[in-house]
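Engineer: Below is the file protein16.tsv, with TSV, C-alpha atoms and all ligand atoms.
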```tsv
chain	number	residue	atom	x	y	z
H	1	MET	CA	-24.86	30.50	-3.42
H	2	LEU	CA	-26.53	27.38	-4.77
H	3	THR	CA	-24.05	24.65	-5.76
H	4	LYS	CA	-25.19	22.67	-8.79
H	5	VAL	CA	-23.90	19.11	-9.36
H	6	MET	CA	-23.96	17.97	-13.01
H	7	ASP	CA	-22.79	14.87	-14.86
H	8	ALA	CA	-19.29	15.60	-16.22
H	9	SER	CA	-20.01	13.71	-19.42
H	10	SER	CA	-22.92	15.94	-20.45
H	11	THR	CA	-22.33	18.58	-23.14
H	12	GLU	CA	-24.52	21.01	-21.24
H	13	ALA	CA	-22.39	20.66	-18.10
H	14	ILE	CA	-19.14	21.21	-20.04
H	15	ALA	CA	-20.61	24.30	-21.73
H	16	LEU	CA	-21.73	25.75	-18.39
H	17	ALA	CA	-18.36	25.02	-16.76
H	18	SER	CA	-16.43	26.73	-19.60
H	19	ARG	CA	-18.72	29.73	-19.40
H	20	LEU	CA	-18.15	29.97	-15.64
H	21	PHE	CA	-14.36	29.73	-16.10
H	22	LYS	CA	-14.47	32.56	-18.65
H	23	GLN	CA	-16.49	34.68	-16.21
H	24	GLY	CA	-13.88	34.21	-13.49
H	25	GLU	CA	-15.93	31.73	-11.44
H	26	LEU	CA	-14.86	28.49	-9.73
H	27	VAL	CA	-15.80	24.97	-10.80
H	28	GLY	CA	-15.14	21.66	-9.03
H	29	PHE	CA	-14.10	19.04	-11.60
H	30	PRO	CA	-12.85	15.44	-11.65
H	31	THR	CA	-9.38	14.30	-12.73
H	32	GLU	CA	-7.79	10.84	-12.66
H	33	THR	CA	-6.02	11.77	-9.38
H	34	VAL	CA	-8.44	13.75	-7.18
H	35	TYR	CA	-11.10	16.42	-7.79
H	36	GLY	CA	-9.79	19.92	-8.50
H	37	LEU	CA	-11.19	23.36	-7.69
H	38	GLY	CA	-10.50	25.26	-10.89
H	39	ALA	CA	-10.34	28.84	-12.10
H	40	ASN	CA	-8.81	30.67	-15.08
H	41	ALA	CA	-5.08	30.68	-14.25
H	42	LEU	CA	-4.60	34.02	-16.04
H	43	ASP	CA	-7.30	35.82	-14.03
H	44	ARG	CA	-5.83	37.11	-10.75
H	45	ASP	CA	-9.16	37.68	-9.01
H	46	ALA	CA	-10.49	34.26	-9.98
H	47	VAL	CA	-7.30	32.69	-8.60
H	48	LEU	CA	-7.66	34.64	-5.36
H	49	SER	CA	-11.18	33.29	-4.94
H	50	ILE	CA	-9.78	29.73	-4.99
H	51	PHE	CA	-7.75	30.55	-1.87
H	52	ALA	CA	-10.83	32.06	-0.21
H	53	ALA	CA	-13.10	29.09	-1.01
H	54	LYS	CA	-10.53	26.58	0.29
H	55	GLY	CA	-9.31	28.59	3.25
H	56	ARG	CA	-5.83	28.00	1.80
H	57	PRO	CA	-2.75	29.96	2.92
H	58	ALA	CA	-1.69	32.36	0.13
H	59	ASP	CA	1.92	31.10	0.18
H	60	ASN	CA	0.95	27.64	-1.10
H	61	PRO	CA	1.13	27.70	-4.94
H	62	LEU	CA	-1.34	26.07	-7.35
H	63	ILE	CA	-0.98	23.58	-10.22
H	64	VAL	CA	-1.95	24.77	-13.72
H	65	HIS	CA	-3.88	22.24	-15.85
H	66	ILE	CA	-3.66	22.08	-19.63
H	67	TRP	CA	-4.90	19.61	-22.25
H	68	HIS	CA	-2.42	20.39	-25.05
H	69	ARG	CA	1.35	20.93	-25.21
H	70	ASP	CA	0.87	24.11	-27.27
H	71	GLN	CA	-0.58	25.80	-24.18
H	72	LEU	CA	2.92	25.86	-22.62
H	73	GLU	CA	3.93	28.44	-25.21
H	74	GLY	CA	4.41	31.83	-23.56
H	75	LEU	CA	3.76	30.48	-20.05
H	76	CYS	CA	7.11	28.87	-19.26
H	77	ASP	CA	10.49	27.56	-20.41
H	78	ILE	CA	11.08	23.83	-20.79
H	79	PRO	CA	13.82	22.53	-18.45
H	80	GLU	CA	16.18	19.75	-19.46
H	81	GLY	CA	14.65	16.31	-18.96
H	82	ALA	CA	11.07	17.57	-19.24
H	83	GLU	CA	10.59	16.51	-22.88
H	84	PRO	CA	10.97	12.74	-22.41
H	85	LEU	CA	8.86	12.83	-19.25
H	86	MET	CA	6.02	14.72	-20.93
H	87	LYS	CA	6.21	12.27	-23.79
H	88	ALA	CA	6.07	9.26	-21.48
H	89	PHE	CA	3.59	10.39	-18.82
H	90	TRP	CA	1.37	13.17	-20.24
H	91	PRO	CA	-1.55	13.08	-20.15
H	92	GLY	CA	-1.35	11.54	-16.68
H	93	PRO	CA	-0.67	12.07	-12.97
H	94	LEU	CA	2.71	13.85	-13.25
H	95	THR	CA	3.17	17.54	-12.38
H	96	LEU	CA	6.40	19.23	-13.53
H	97	LEU	CA	7.88	22.53	-12.35
H	98	PHE	CA	8.80	24.97	-15.14
H	99	PRO	CA	10.62	28.34	-15.00
H	100	ARG	CA	7.69	30.69	-15.56
H	101	THR	CA	7.09	33.86	-17.57
H	102	GLU	CA	5.33	37.05	-16.45
H	103	ARG	CA	2.04	35.86	-17.95
H	104	ILE	CA	1.38	33.67	-14.93
H	105	PRO	CA	0.11	35.81	-12.05
H	106	ASP	CA	2.11	35.73	-8.80
H	107	GLU	CA	-1.05	34.55	-7.05
H	108	VAL	CA	-0.77	31.19	-8.86
H	109	THR	CA	2.85	30.53	-7.94
H	110	ALA	CA	2.92	32.30	-4.56
H	111	GLY	CA	5.64	34.48	-6.06
H	112	LEU	CA	7.98	31.53	-6.83
H	113	PRO	CA	10.05	31.65	-10.06
H	114	THR	CA	8.56	28.30	-11.17
H	115	VAL	CA	5.07	27.20	-12.12
H	116	ALA	CA	3.70	23.67	-11.60
H	117	ILE	CA	1.89	22.30	-14.67
H	118	ARG	CA	0.14	19.04	-15.45
H	119	MET	CA	-1.96	17.51	-18.20
H	120	PRO	CA	-4.75	15.34	-16.72
H	121	SER	CA	-5.72	12.16	-18.57
H	122	MET	CA	-9.37	11.71	-17.62
H	123	PRO	CA	-11.34	12.05	-20.89
H	124	CYS	CA	-14.04	14.41	-19.55
H	125	THR	CA	-11.37	16.64	-17.98
H	126	ARG	CA	-9.61	16.88	-21.31
H	127	VAL	CA	-12.88	17.83	-23.03
H	128	LEU	CA	-13.47	20.54	-20.41
H	129	LEU	CA	-9.95	21.98	-20.76
H	130	ARG	CA	-10.22	21.93	-24.54
H	131	GLU	CA	-13.67	23.55	-24.59
H	132	CYS	CA	-12.75	26.43	-22.29
H	133	GLY	CA	-9.37	26.91	-24.00
H	134	LEU	CA	-7.83	28.33	-20.81
H	135	PRO	CA	-5.03	27.11	-18.56
H	136	ILE	CA	-6.88	26.20	-15.36
H	137	ALA	CA	-5.28	26.70	-11.94
H	138	ALA	CA	-6.61	24.07	-9.58
H	139	PRO	CA	-5.68	22.76	-6.17
H	140	SER	CA	-7.48	19.72	-4.78
H	141	ALA	CA	-11.13	20.67	-4.13
H	142	ASN	CA	-11.09	20.11	-0.36
H	143	ARG	CA	-11.21	22.73	2.39
H	144	SER	CA	-7.62	23.27	3.49
H	145	GLY	CA	-6.43	20.55	5.89
H	146	ARG	CA	-9.07	17.97	4.85
H	147	PRO	CA	-8.28	14.86	2.77
H	148	SER	CA	-8.44	15.51	-0.98
H	149	PRO	CA	-11.81	14.65	-2.55
H	150	THR	CA	-12.06	11.52	-4.71
H	151	THR	CA	-15.83	11.75	-5.41
H	152	ALA	CA	-18.21	14.60	-6.28
H	153	ALA	CA	-19.95	13.94	-2.93
H	154	HIS	CA	-16.66	14.73	-1.11
H	155	VAL	CA	-16.40	18.03	-3.02
H	156	LEU	CA	-19.99	18.91	-2.13
H	157	GLU	CA	-19.26	18.12	1.54
H	158	ASP	CA	-16.48	20.75	1.58
H	159	MET	CA	-17.66	23.30	-1.01
H	160	ASN	CA	-21.47	23.36	-0.78
H	161	GLY	CA	-22.62	26.98	-1.03
H	162	ARG	CA	-19.11	28.24	-1.86
H	163	ILE	CA	-18.96	27.49	-5.60
H	164	PRO	CA	-21.60	27.49	-8.37
H	165	LEU	CA	-20.85	24.12	-10.02
H	166	ILE	CA	-19.39	20.66	-9.43
H	167	LEU	CA	-18.93	18.26	-12.34
H	168	ASP	CA	-19.51	14.66	-11.26
H	169	GLY	CA	-17.21	12.20	-13.03
H	170	GLY	CA	-17.53	9.35	-10.51
H	171	GLU	CA	-14.65	7.99	-8.40
H	172	CYS	CA	-11.12	9.18	-9.27
H	173	GLN	CA	-9.11	6.32	-10.67
H	174	VAL	CA	-5.78	6.97	-8.89
H	175	GLY	CA	-7.19	8.47	-5.69
H	176	LEU	CA	-4.02	10.33	-4.59
H	177	GLU	CA	-2.71	13.65	-5.92
H	178	SER	CA	-0.21	13.76	-8.79
H	179	THR	CA	3.52	13.22	-8.42
H	180	VAL	CA	5.27	16.63	-8.28
H	181	LEU	CA	8.76	16.63	-9.82
H	182	ASP	CA	11.29	19.47	-9.81
H	183	LEU	CA	13.73	19.41	-12.74
H	184	THR	CA	14.73	23.05	-12.48
H	185	HIS	CA	17.79	22.54	-10.26
H	186	GLY	CA	19.71	19.90	-12.24
H	187	GLN	CA	19.18	16.82	-10.07
H	188	PRO	CA	15.50	15.78	-10.46
H	189	VAL	CA	13.69	15.75	-7.09
H	190	VAL	CA	10.28	14.31	-6.26
H	191	LEU	CA	8.59	16.92	-4.05
H	192	ARG	CA	5.39	14.91	-3.66
H	193	PRO	CA	5.14	11.18	-4.51
H	194	GLY	CA	2.12	9.95	-6.48
H	195	GLY	CA	0.92	7.52	-9.12
H	196	ILE	CA	3.99	8.05	-11.32
H	197	THR	CA	6.67	6.47	-9.15
H	198	LYS	CA	10.36	7.33	-8.65
H	199	GLU	CA	11.19	4.05	-10.39
H	200	MET	CA	9.06	4.99	-13.44
H	201	LEU	CA	10.71	8.43	-13.65
H	202	GLU	CA	14.20	6.92	-13.39
H	203	GLY	CA	13.31	4.43	-16.13
H	204	VAL	CA	12.62	7.29	-18.56
H	205	LEU	CA	15.34	9.73	-17.44
H	206	GLY	CA	18.04	7.05	-17.17
H	207	ARG	CA	19.39	8.73	-14.04
H	208	GLU	CA	18.74	8.78	-10.34
H	209	VAL	CA	15.79	10.77	-9.05
H	210	ALA	CA	16.02	12.08	-5.47
H	211	LEU	CA	13.19	12.22	-2.95
H	212	ALA	CA	12.52	15.39	-0.93
H	213	GLY	CA	13.64	14.74	2.64
H	214	SER	CA	10.31	15.43	4.25
H	215	ILE	CA	8.27	12.83	2.34
H	216	LEU	CA	8.36	10.31	5.20
H	217	ARG	CA	8.99	12.57	8.18
H	218	PRO	CA	7.84	15.94	9.51
H	219	LEU	CA	9.74	19.08	8.43
H	220	LYS	CA	12.35	20.17	10.96
H	221	PRO	CA	11.65	23.57	12.54
H	222	ASP	CA	14.43	25.32	10.57
H	223	GLU	CA	14.01	23.31	7.36
H	224	LYS	CA	12.91	25.07	4.17
H	225	ALA	CA	10.00	23.31	2.43
H	226	LEU	CA	10.92	22.62	-1.22
H	227	SER	CA	7.22	22.43	-1.92
H	228	PRO	CA	5.27	24.85	0.27
H	229	GLY	CA	2.37	22.38	0.58
H	230	MET	CA	4.62	20.10	2.67
H	231	ARG	CA	4.51	22.56	5.54
H	232	TYR	CA	0.86	22.21	6.23
H	233	ARG	CA	-1.08	19.67	8.27
H	234	HIS	CA	-2.84	17.68	5.64
H	235	TYR	CA	-5.03	14.65	5.18
H	236	ALA	CA	-5.64	14.53	8.90
H	237	PRO	CA	-8.85	13.13	10.36
H	238	LYS	CA	-10.01	14.61	13.67
H	239	GLY	CA	-9.17	11.41	15.59
H	240	SER	CA	-5.57	10.48	16.34
H	241	VAL	CA	-4.00	8.07	13.86
H	242	THR	CA	-1.13	5.75	14.81
H	243	LEU	CA	0.82	3.62	12.33
H	244	VAL	CA	1.77	0.12	13.49
H	245	GLU	CA	4.83	-1.44	11.88
H	246	GLY	CA	6.58	-4.80	12.30
H	247	PRO	CA	6.10	-8.52	11.65
H	248	GLU	CA	2.50	-9.36	10.69
H	249	GLU	CA	1.51	-11.34	13.80
H	250	ALA	CA	2.99	-8.75	16.16
H	251	VAL	CA	1.21	-5.92	14.32
H	252	LEU	CA	-2.17	-7.67	14.53
H	253	ARG	CA	-1.65	-8.45	18.23
H	254	GLU	CA	-0.67	-4.84	19.01
H	255	MET	CA	-3.62	-3.37	17.08
H	256	ARG	CA	-6.07	-5.70	18.86
H	257	SER	CA	-4.71	-4.86	22.28
H	258	ARG	CA	-4.53	-1.06	21.71
H	259	CYS	CA	-8.04	-1.03	20.35
H	260	ARG	CA	-9.35	-3.01	23.33
H	261	GLU	CA	-7.60	-0.73	25.85
H	262	ASP	CA	-8.97	2.42	24.19
H	263	ARG	CA	-12.48	1.03	24.23
H	264	GLU	CA	-12.19	0.15	27.90
H	265	GLN	CA	-11.49	3.85	28.41
H	266	GLY	CA	-14.69	4.66	26.53
H	267	LYS	CA	-13.02	5.81	23.29
H	268	ARG	CA	-14.32	5.14	19.79
H	269	SER	CA	-11.54	3.17	18.24
H	270	CYS	CA	-10.93	1.29	14.98
H	271	VAL	CA	-8.24	-0.16	12.72
H	272	LEU	CA	-7.31	0.42	9.08
H	273	CYS	CA	-6.17	-2.93	7.77
H	274	PHE	CA	-5.49	-4.94	4.64
H	275	THR	CA	-8.30	-7.11	3.23
H	276	GLU	CA	-6.26	-10.16	4.22
H	277	HIS	CA	-6.55	-9.19	7.92
H	278	LEU	CA	-10.26	-8.32	8.13
H	279	GLU	CA	-11.07	-11.56	9.91
H	280	ALA	CA	-8.15	-11.47	12.35
H	281	LEU	CA	-9.21	-7.95	13.36
H	282	SER	CA	-12.96	-8.49	13.29
H	283	ASP	CA	-13.29	-7.26	16.91
H	284	CYS	CA	-11.62	-3.93	16.13
H	285	ASP	CA	-14.10	-2.38	13.68
H	286	PRO	CA	-11.78	-3.07	10.74
H	287	HIS	CA	-11.81	-0.63	7.79
H	288	ASP	CA	-10.61	-2.38	4.64
H	289	ILE	CA	-7.87	-0.30	2.94
H	290	GLY	CA	-7.43	-2.90	0.18
H	291	SER	CA	-5.16	-5.84	-0.46
H	292	ALA	CA	-1.58	-5.72	0.82
H	293	ALA	CA	-0.62	-7.08	-2.59
H	294	ASP	CA	-2.27	-4.19	-4.48
H	295	GLN	CA	-0.79	-0.81	-3.55
H	296	ARG	CA	-2.85	0.98	-6.22
H	297	GLN	CA	-6.04	-0.28	-4.60
H	298	VAL	CA	-4.92	1.12	-1.23
H	299	ALA	CA	-4.13	4.48	-2.91
H	300	HIS	CA	-7.57	4.47	-4.54
H	301	ARG	CA	-9.43	3.91	-1.24
H	302	LEU	CA	-7.40	5.86	1.30
H	303	PHE	CA	-8.94	9.36	1.20
H	304	ASP	CA	-12.52	8.09	1.22
H	305	ILE	CA	-11.72	6.04	4.34
H	306	LEU	CA	-9.99	8.99	6.06
H	307	ARG	CA	-13.13	11.08	5.48
H	308	LYS	CA	-15.40	8.31	6.84
H	309	LEU	CA	-13.42	8.22	10.10
H	310	ASP	CA	-14.63	11.74	10.86
H	311	GLN	CA	-18.24	10.94	10.00
H	312	GLU	CA	-18.03	7.96	12.36
H	313	GLY	CA	-16.53	10.09	15.12
H	314	MET	CA	-13.46	7.85	15.53
H	315	GLU	CA	-11.13	9.04	18.29
H	316	THR	CA	-8.23	6.60	17.95
H	317	ILE	CA	-7.26	4.84	14.76
H	318	TYR	CA	-4.51	2.24	14.25
H	319	SER	CA	-3.27	1.57	10.74
H	320	GLU	CA	-1.18	-1.03	8.98
H	321	VAL	CA	1.61	0.24	6.72
H	322	LEU	CA	2.87	-0.50	3.19
H	323	PRO	CA	6.54	-0.70	2.28
H	324	PRO	CA	7.51	2.83	1.12
H	325	GLU	CA	8.31	1.83	-2.46
H	326	GLY	CA	6.47	2.34	-5.73
H	327	VAL	CA	2.96	3.69	-5.10
H	328	GLY	CA	3.45	2.56	-1.47
H	329	LEU	CA	5.65	5.64	-1.01
H	330	ALA	CA	2.77	7.95	-1.98
H	331	VAL	CA	0.39	6.06	0.32
H	332	MET	CA	2.84	6.25	3.25
H	333	ASN	CA	3.47	9.98	2.63
H	334	ARG	CA	-0.31	10.69	3.00
H	335	LEU	CA	-0.90	8.18	5.82
H	336	GLY	CA	2.23	9.40	7.63
H	337	ARG	CA	0.94	12.95	7.55
H	338	ALA	CA	-2.53	11.82	8.66
H	339	ALA	CA	-0.74	10.22	11.65
H	340	ALA	CA	1.60	13.19	12.19
H	341	PHE	CA	4.20	10.41	11.67
H	342	ARG	CA	3.28	8.75	15.00
H	343	THR	CA	4.52	5.15	14.59
H	344	LEU	CA	4.56	2.12	16.90
H	345	ARG	CA	7.35	-0.31	15.95
H	346	VAL	CA	6.58	-3.76	17.32
H	347	GLN	CA	8.69	-6.95	17.39
H	401	LIG	O1	-3.37	15.62	-8.65
H	401	LIG	C1	-3.19	16.80	-8.40
H	401	LIG	O2	-2.08	17.34	-8.49
H	401	LIG	C2	-4.42	17.63	-7.97
H	401	LIG	C3	-5.40	17.68	-9.15
H	401	LIG	C4	-6.57	18.57	-8.88
H	401	LIG	O3	-4.71	18.04	-10.31
H	401	LIG	N1	-4.03	18.93	-7.53
H	401	LIG	C5	-3.41	19.13	-6.34
H	401	LIG	O4	-3.15	20.45	-6.06
H	401	LIG	O5	-3.11	18.24	-5.58
H	401	LIG	P1	-2.72	20.97	-4.60
H	401	LIG	O6	-2.78	22.44	-4.71
H	401	LIG	O7	-3.57	20.33	-3.57
H	401	LIG	O8	-1.23	20.55	-4.46
H	401	LIG	C6	-0.23	21.20	-5.19
H	401	LIG	C7	1.12	20.89	-4.59
H	401	LIG	C8	1.32	21.64	-3.29
H	401	LIG	O9	2.04	20.79	-2.40
H	401	LIG	C9	2.16	22.84	-3.71
H	401	LIG	O10	2.95	23.34	-2.66
H	401	LIG	C10	2.99	22.24	-4.84
H	401	LIG	O11	2.12	21.36	-5.51
H	401	LIG	N2	3.45	23.28	-5.79
H	401	LIG	C11	2.70	23.99	-6.67
H	401	LIG	N3	3.47	24.87	-7.34
H	401	LIG	C12	4.73	24.71	-6.90
H	401	LIG	C13	5.98	25.33	-7.20
H	401	LIG	N4	6.08	26.30	-8.10
H	401	LIG	N5	7.08	24.90	-6.52
H	401	LIG	C14	6.99	23.91	-5.61
H	401	LIG	N6	5.84	23.29	-5.27
H	401	LIG	C15	4.72	23.68	-5.90
H	402	MG	MG	-4.31	19.68	-1.83
```
Please express what this file holds, its structure, as structure tokens.
Structural biologist:
Amino acid sequence: MLTKVMDASSTEAIALASRLFKQGELVGFPTETVYGLGANALDRDAVLSIFAAKGRPADNPLIVHIWHRDQLEGLCDIPEGAEPLMKAFWPGPLTLLFPRTERIPDEVTAGLPTVAIRMPSMPCTRVLLRECGLPIAAPSANRSGRPSPTTAAHVLEDMNGRIPLILDGGECQVGLESTVLDLTHGQPVVLRPGGITKEMLEGVLGREVALAGSILRPLKPDEKALSPGMRYRHYAPKGSVTLVEGPEEAVLREMRSRCREDREQGKRSCVLCFTEHLEALSDCDPHDIGSAADQRQVAHRLFDILRKLDQEGMETIYSEVLPPEGVGLAVMNRLGRAAAFRTLRVQ
């Protein structure tokens, strides 16, 4: 199959994408978080082909994308607390779980009683969702296990020949997947941290929001994943990533010495560091993850850098860490998983 790449702002591209959705085909499209691999959420076979194209396990449910509140009608019930959150953060990078109706195929929700729904804010995505008039089920448009795509080129890397069309909307503004929040069990719980932070959610709800236990550590062998996606190895480059944590000088010293030792053993080795430390780490092939003072910049760059590490054939990678607060929590959740939570704590 030939994969076409078209400018997401062109009317022709939007018309073709809507036609493909109506015919049960897949389209790669941009959102403000990451690129999605979409299909008509009400078409079982189309949804199944998403799993095939991604190589995704069937027990990992998908997010349904809408552009208008009216589309919720008939798909789900509205749990308590959802109204003010939708008002505050939709359209935007917040996914909510809703008790679902029979209209949503089991293939979308992996048989769960809830469906995850979000309303993206990127203007061309909204035009696409409005034009096709369908709820669109879409996971991130990467092959399963790879970092989520934040450019059309990333989608092409993973999906070339597997899907008919990719809409190119440039770089995704947020760069990490949406926050997933479960309100269906009383106490609100963040299942996956993202651009809408725990603090922002608490500000609107006026109550405490809990974090799923496995956000900053691996799942225990007997632990049930609240969000099935948490079970899988994700975001991981082929090389081994190690996080280095501690006082600044000690971290820089440790990264320099680890990198040197690895190279003496003939390994390709590099560091992921803040812009402020590029010079101090100039001997370690530094990859600039953004300023330590700008967590959103780090979020925006992270997945592109993780993909580059594979292209460069890096075997060992040492990374600085952000404090796990605000958007830093989302960054550390993805980086932690990329590192299989391997962490060096230095003094
Ligand atoms: O930003 C995003 O959310 C992107 C863009 C394309 O919208 N989508 C995305 O989808 O990241 P995906 O499939 O890569 O991640 C969806 C996450 C998974 O961790 C999945 O397990 C969880 O949401 N999820 C979906 N439905 C769920 C449900 N009913 N209950 C619990 N977790 C659910
Ligand atoms: Mg994904």
Engineer: Could you name the residues that touch stretch 109-120 of chain H at 7 Å or less, counting all atoms listed in the file, but leaving out those on the same chain fewer than 2 positions away, as a list of chain:residue names?
Structural biologist: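 The filter keeps H:Thr31, H:Glu32, H:Ala58, H:Asp59, H:Asn60, H:Pro61, H:Leu62, H:Ile63, H:Val64, H:His65, H:Ile66, H:Trp67, H:Trp90, H:Pro91, H:Gly92, H:Pro93, H:Leu94, H:Thr95, H:Leu96, H:Leu97, H:Phe98, H:Pro99, H:Arg100, H:Asp106, H:Glu107, H:Met122, H:Thr125, H:Arg126.
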Engineer: Report, in Å with one decimal, the straight-line distance from atom CA of H:Val155 to atom C2 of ligand LIG 401 (chain H).
Structural biologist: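 So the answer is 13.0 Å.
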Engineer: Can you tell me which residues come within 12 Å of ligand MG 402 (chain H) when counting all atoms listed in the file, ideally as JSON, numbers by chain?
Structural biologist: {"H": [33, 34, 35, 36, 37, 50, 51, 54, 55, 56, 57, 60, 61, 62, 63, 138, 139, 140, 141, 142, 143, 144, 145, 146, 147, 148, 149, 150, 176, 177, 178, 180, 192, 227, 228, 229, 230, 231, 232, 233, 234, 235, 236, 303, 334]}
Engineer: Figure out the distance between atom CA of H:Glu320 and atom CA of H:Val241, please, to one decimal in Å.
Structural biologist: 10.7 Å
Engineer: Check the smallest atom-to-atom distance from each of H:Val174, H:Val209, H:Cys124, H:Cys273 to ligand LIG 401 (chain H) using all atoms listed in the file, then report the winner.
Structural biologist: H:Val174
Engineer: Give me the residues near H:Ile14 as an MDAnalysis selection string, where near means some atom within 9 Å (using all atoms listed in the file) and where sequence neighbours in that chain fewer than 3 positions away do not count.
Structural biologist: chainID H and resid 7:11 17:19 124 127:128 131:132 167
Engineer: For H:Pro247, list every protein, DNA or RNA residue within 7 Å, evaluated using all atoms listed in the file, and leave out those in the same chain fewer than 3 positions away; present the list as a tab-separated table (two decimals) with C-alpha atoms, in the coordinates of the input.
Structural biologist:
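Here's the written file result-v3.tsv:
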```tsv
chain	number	residue	atom	x	y	z
H	250	ALA	CA	2.99	-8.75	16.16
H	251	VAL	CA	1.21	-5.92	14.32
H	347	GLN	CA	8.69	-6.95	17.39
```
Engineer: Which residue, H:Thr3, H:Thr197, H:Thr179, H:Thr151, has the smallest gap to ligand LIG 401 (chain H) when you use all atoms listed in the file?
Structural biologist: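 Using all atoms listed in the file, ligand LIG 401 (chain H) sits closest to H:Thr179.
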Engineer: Could you name the residues that touch H:Val321 at 8 Å or less, counting only C-alpha atoms, but leaving out those on the same chain fewer than 3 positions away, as a PyMOL selection string?
Structural biologist: chain H and resi 243-245+332
Engineer: If you count all atoms listed in the file, which residues fall within 8 Å of H:Leu252, apart from same-chain ones fewer than 4 positions away, as a ChimeraX atom specification?
Structural biologist: /H:248,256,280-281
Engineer: Between H:Ala340, H:Met200, H:Leu309, H:Val47, which is the closest to ligand LIG 401 (chain H) once you count all atoms listed in the file?
Structural biologist: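 Distance minimum relative to ligand LIG 401 (chain H) lands on H:Val47.
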Engineer: Nearest residue to H:Phe89 out of H:Gly203, H:Gly24, H:Gly326, H:Gly133, using only C-alpha atoms?
Structural biologist: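 Counting only C-alpha atoms, the residue closest to H:Phe89 is H:Gly203.
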Engineer: Find the distance between atom CA of H:Cys270 and atom CA of H:Asp283 and write it in Å to one decimal.
Structural biologist: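 Separating atom CA of H:Cys270 from atom CA of H:Asp283 is a distance of 9.1 Å.
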Engineer: Given the choices H:Gly161, H:Ala212, H:Gln23, H:Leu201, which gets closest to ligand LIG 401 (chain H) if the distance is worked out from only C-alpha atoms and all ligand atoms?
Structural biologist: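 Looking only at the distances to ligand LIG 401 (chain H), the closest residue turns out to be H:Ala212.
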Engineer: Determine the nearest neighbour of H:Glu80 from the options H:Glu171, H:Asp45, H:Asp182, H:Glu12, counting all atoms listed in the file.
Structural biologist: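 Of H:Glu171, H:Asp45, H:Asp182, H:Glu12, the one nearest H:Glu80, counting all atoms listed in the file, is H:Asp182.
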